[in-house]
Amino acid sequence: MDDTVLKVAIAGLLHDIGKFAQEGMNVEPEFINNHRQLYQPYYNEQFTHEHVIYTAAFIDNIEKFLPKELNKANWGLNDPFINLAAGHHKPQTELQWIIATADRLSSGYDRSNFEEYNKAVAPKNYRKTRLLPLFEALSLDDKKKGKDNKYRYPLTQLNPQSVFPYIYDETNAVTDAQSKVEYKALFDGFVESLEKLLHKEENIALWFEHLESLMLIYTAMIPAARAGKAVPDVSLYDHSKSVAALSVALYMYHRDTNSMSVEAICESAKQKFCLIGGDFYGIQNFIFSDSGEAGKHRSKILRGRSFAVSLFCELAADFICREIGLPPSSILLNAAGKFTILAPNTPAVKNAVSSLQNKINDWLISKTFGENAFGIALIEAAPADFESGNFYRLYKRLSDEIGNNKYKKFNLEKYSGVVAGYLDSFDNELNPAVCPYCGKRPSSRVAEKLKKDKTEKSLCSMCRDHIFLGENIVKKTRIAVTTVDADIKGEDIKLLEPLFGEYQVAFVDGGLNKQARDGQLLKYWDISIDPAGNIAKDVTARFINGYVPVYGKEDFCDERILEGKKAESKKEELIEEMDEGRPKTFTHLACKAMNPCADADGDKKFTGIQALGIMKADVDRLGMLMTCGIDKKNFTISRLATLSRQMNFFFVVYLPHLLKTNPSFRDVYTVFAGGDDLFLIGPWNRMLDLSEFLKDRFAEYVCRNPEIHFSAGISLQKANTPLIKMSADAEAALAASKNSGRNRLTVFGETVTWEDFSRLHKIVKNIEIWRDEKLINNAMLFRINRFIQMVAEEKALSNETEIFLEDMEPLKWRSLFKYTTERNIGKNIKDEAKRAAAKKEFEKMADWLTIHGSNLKIAVWDIIYNNR
């Protein structure tokens, strides 16, 4: 990467660090007085935008924590780094004007509005300003947009708790003194972590990626705007990252077009930018492809494939950036199989994107035979397109272009026909020659050598890599992404098939300083969040690893597992499977659905079915909400980045931590979660509880905005059900929820609103009390199940134009219910008054049947399956 590009990117990221440092640093008055004229605008006989002085002071004071190249006179073009970062409100040079222009475009200002903003003075109590959630005012109704401001984010570092906003009122309003303390604690933590960032001496580009991650942790909860009329709903992190991306694209455009002048930089009509959108097609087919012979490796392959999808998307975006010469900060969005990159509009960029799309898809065709592809869209944009009132059209253009690409995933002229050499690639000496895990690729001799159990079947290199990933992401927290020729010893700790033929992935410990120095270490990620909610601060944190249940000491004495497996496996085999720290199998998770109880003699036994719950959910109409939910004049690139990141964090920051730390949900397995959707597997009854819990927590997360909600579907499966069927049934259940009006749950074949599901959950508790008090027994539950069927049939009759006598049987359900009540309820109660009271209590069931109809099956089947 060009040194000046990197210099501009870092300056863009740190241009507003003074808003953070201002509250945590003690700066000598002499420094402030000596630099006011250089950096601060002067209007109405006073200096404005004091934060720029603190940006300069920060860079000056913590010089020893920054790469030494930043302050070298001959590193990058002309401008000293301190001036480049701090001069954006009073630009003097071309590079400073680039940062200044990027700053106003990120905020959506045109030139005249930016001049007014430059005159704004921060109010005296600006420290008390807290970041507003974009979710609260998101609406498809123009009259409601931007109206509510009841919620705030806490001023603290990023963690699974701080991503939730709180209701702001007089009881929790902060004073200026408290704000100073909060800012100081946050800033001190940032500086302490900055000192410990790896690779400062070895590789500046790699250090910069770690720095961006550190900025995310410490500035994602700080408002970027605290002066003028700007609404403080964009985080300092998202604004700073957007400025870095815009600055780099502007610099590269003017450098490559030989137009590096202040006048050209300020020109807003020319098409200077390219927005590049990527979309990975066929995610579910890739993850759930199942030949039916995966055996005990099913769960490893499943999580390995899911993790591989995350790697594909991260590294495809990185591949494009490296080819163009962009830093990773130019990747504006990357979640749920999609990414958006901001690049300069030059012929070299367009050629690079076209070439890389072919290279990536050539590799995918050779490995997945058309099952997967990357669609990459590119549109041109002018600076004016980023200004207030215009950006929503630009974003819609990109979304439409990405959507159109779905209908042309491959170049059929290039890829159609017979796959050359396919049959010749199989080695008939291997057993089997066709990989049993994917059922389509040839088994590999290299993979054969690396098998830990030589009695297992042969497999292809790619499925071996998926098992390798699936095994290691539950044991290791750090991942090194390197060049294919990197000095990493041992084939058993890295991929056999480097991604796109360019990226090696290895699970290794240590700082890898030599590889970083030699340019072989491209990425170094920590993919963990510990139970206390702490995120790694010395390297890049990447939230691309879901939660996987592993065996703990408590599982060795859990009799449900042995009870559920008596007929299927020997005790010795179970003990071998249950090594501490080893991932739980689907069979064991299904056993966890059983409920302990006591038999008539007081001996412990278990009831309930052994089954998995497969839940798929996604946010309703999110694309429309993101495009149309923000007022057009406020829809900016930085707000889009903030909103997208905040939505993603519910699924990639909060959800895995919830599953890891909440005892009720520790047996729930994340297949994938990110962007706006999730796919979870766990004990079926825990999944019912989790679905309602997540619905409530998501409502809190989005400020109880009634327009933001998700739909879900749950299917029940045996542990040995093929993965593709698990996926298909869960997808069908989710589709039923979507097609019935959204904001619903489908389970047991019934679709209900979340409110009705909560009511049915209460009915479950009521019926359980009846069972405990011997008011009803299991036989009565099965009779009720028949009444539910009759109610459903009665409802179906109401839609018929002709009804025949033989079809009228369901109309008898009320009289049959009354007869059943009189005959069975309270028959063992001798006291007449108590017997009458019992019958009256049971008559609630008739009301429930009338109100909920066939949906009552959800409550009744819940009890039947839990007590079978």
# chains A, B, ... in the order shown; residues from 1 in each chain; ligands from 1
call {"tool": "closest_atom_pairs", "arguments": {"of": "region 252-366 of chain A", "to": "region 370-376 of chain A", "cutoff": "12 Å", "atoms": "only C-alpha atoms", "output": "CSV"}}
result
residue,atom,partner,partner_atom,distance
A:Leu275,CA,A:Ile376,CA,10.3
A:Ile276,CA,A:Ile376,CA,6.8
A:Gly277,CA,A:Ile376,CA,5.6
A:Gly278,CA,A:Ile376,CA,4.5
A:Asp279,CA,A:Gly375,CA,5.2
A:Phe280,CA,A:Phe374,CA,4.7
A:Tyr281,CA,A:Ala373,CA,5.3
A:Gly282,CA,A:Asn372,CA,5.0
A:Ile283,CA,A:Asn372,CA,7.3
A:Gln284,CA,A:Asn372,CA,9.7
A:Asn285,CA,A:Glu371,CA,7.0
A:Phe286,CA,A:Glu371,CA,7.0
A:Ile287,CA,A:Asn372,CA,10.7
A:Phe288,CA,A:Glu371,CA,11.6
A:Ser289,CA,A:Glu371,CA,9.7
A:Val309,CA,A:Asn372,CA,10.4
A:Phe312,CA,A:Phe374,CA,9.4
A:Cys313,CA,A:Phe374,CA,9.0
A:Leu315,CA,A:Phe374,CA,11.9
A:Ala316,CA,A:Phe374,CA,8.6
A:Ala317,CA,A:Ile376,CA,10.1
A:Ile320,CA,A:Ile376,CA,10.3
A:Gly337,CA,A:Phe374,CA,9.5
A:Lys338,CA,A:Phe374,CA,9.5
A:Phe339,CA,A:Ile376,CA,9.4
A:Thr340,CA,A:Ile376,CA,9.6
A:Ile341,CA,A:Ile376,CA,10.5
A:Lys350,CA,A:Ile376,CA,11.1
A:Ala352,CA,A:Ile376,CA,11.7
A:Val353,CA,A:Ile376,CA,7.9
A:Ser354,CA,A:Ile376,CA,8.4
A:Ser355,CA,A:Ile376,CA,11.0
A:Leu356,CA,A:Ile376,CA,9.5
A:Gln357,CA,A:Ile376,CA,6.8
A:Asn358,CA,A:Phe374,CA,9.2
A:Lys359,CA,A:Phe374,CA,10.3
A:Ile360,CA,A:Phe374,CA,7.2
A:Asn361,CA,A:Ala373,CA,5.7
A:Asp362,CA,A:Ala373,CA,9.0
A:Trp363,CA,A:Ala373,CA,9.3
A:Leu364,CA,A:Ala373,CA,6.3
A:Ile365,CA,A:Gly370,CA,5.2
A:Ser366,CA,A:Gly370,CA,8.2
call {"tool": "select_by_dssp", "arguments": {"residues": "region 65-267 of chain A", "states": "strand (DSSP E)", "output": "list in words"}}
result
Tyr151, Arg152, Tyr166 and Ile167 of chain A
call {"tool": "write_last_selection", "arguments": {"atoms": "all heavy atoms", "output": "mmCIF file, in the first residue's frame"}}
result
data_model
loop_
_atom_site.group_PDB
_atom_site.id
_atom_site.type_symbol
_atom_site.label_atom_id
_atom_site.label_comp_id
_atom_site.auth_asym_id
_atom_site.auth_seq_id
_atom_site.Cartn_x
_atom_site.Cartn_y
_atom_site.Cartn_z
ATOM 1 N N TYR A 151 -34.230 7.739 24.447
ATOM 2 C CA TYR A 151 -33.187 6.771 24.768
ATOM 3 C C TYR A 151 -31.793 7.345 24.533
ATOM 4 O O TYR A 151 -31.595 8.246 23.710
ATOM 5 C CB TYR A 151 -33.353 5.507 23.918
ATOM 6 C CG TYR A 151 -34.514 4.630 24.326
ATOM 7 C CD1 TYR A 151 -35.811 4.914 23.913
ATOM 8 C CD2 TYR A 151 -34.311 3.500 25.121
ATOM 9 C CE1 TYR A 151 -36.882 4.111 24.275
ATOM 10 C CE2 TYR A 151 -35.375 2.686 25.483
ATOM 11 C CZ TYR A 151 -36.645 2.998 25.058
ATOM 12 O OH TYR A 151 -37.698 2.191 25.431
ATOM 13 N N ARG A 152 -30.825 6.787 25.259
ATOM 14 C CA ARG A 152 -29.415 7.140 25.110
ATOM 15 C C ARG A 152 -28.574 5.868 25.231
ATOM 16 O O ARG A 152 -29.000 4.878 25.833
ATOM 17 C CB ARG A 152 -28.957 8.118 26.209
ATOM 18 C CG ARG A 152 -29.760 9.381 26.349
ATOM 19 C CD ARG A 152 -29.481 10.354 25.226
ATOM 20 N NE ARG A 152 -30.085 11.660 25.494
ATOM 21 C CZ ARG A 152 -31.341 11.970 25.214
ATOM 22 N NH1 ARG A 152 -32.149 11.056 24.693
ATOM 23 N NH2 ARG A 152 -31.810 13.189 25.444
ATOM 24 N N TYR A 166 -30.659 2.968 27.027
ATOM 25 C CA TYR A 166 -31.480 3.073 28.231
ATOM 26 C C TYR A 166 -32.378 4.307 28.097
ATOM 27 O O TYR A 166 -32.103 5.222 27.326
ATOM 28 C CB TYR A 166 -30.608 3.193 29.484
ATOM 29 C CG TYR A 166 -29.752 4.440 29.544
ATOM 30 C CD1 TYR A 166 -30.212 5.599 30.172
ATOM 31 C CD2 TYR A 166 -28.486 4.471 28.953
ATOM 32 C CE1 TYR A 166 -29.445 6.755 30.217
ATOM 33 C CE2 TYR A 166 -27.713 5.622 28.995
ATOM 34 C CZ TYR A 166 -28.195 6.749 29.620
ATOM 35 O OH TYR A 166 -27.434 7.900 29.659
ATOM 36 N N ILE A 167 -33.487 4.300 28.840
ATOM 37 C CA ILE A 167 -34.395 5.455 28.829
ATOM 38 C C ILE A 167 -33.778 6.570 29.673
ATOM 39 O O ILE A 167 -33.434 6.375 30.836
ATOM 40 C CB ILE A 167 -35.783 5.074 29.371
ATOM 41 C CG1 ILE A 167 -36.452 4.055 28.444
ATOM 42 C CG2 ILE A 167 -36.667 6.315 29.504
ATOM 43 C CD1 ILE A 167 -37.809 3.578 28.930
#
call {"tool": "atom_distance", "arguments": {"atom1": "CA of Glu201 (chain A)", "atom2": "CA of Glu69 (chain A)"}}
result
9.2 Å
call {"tool": "atom_distance", "arguments": {"atom1": "CA of Glu700 (chain A)", "atom2": "CA of Asn766 (chain A)"}}
result
27.3 Å
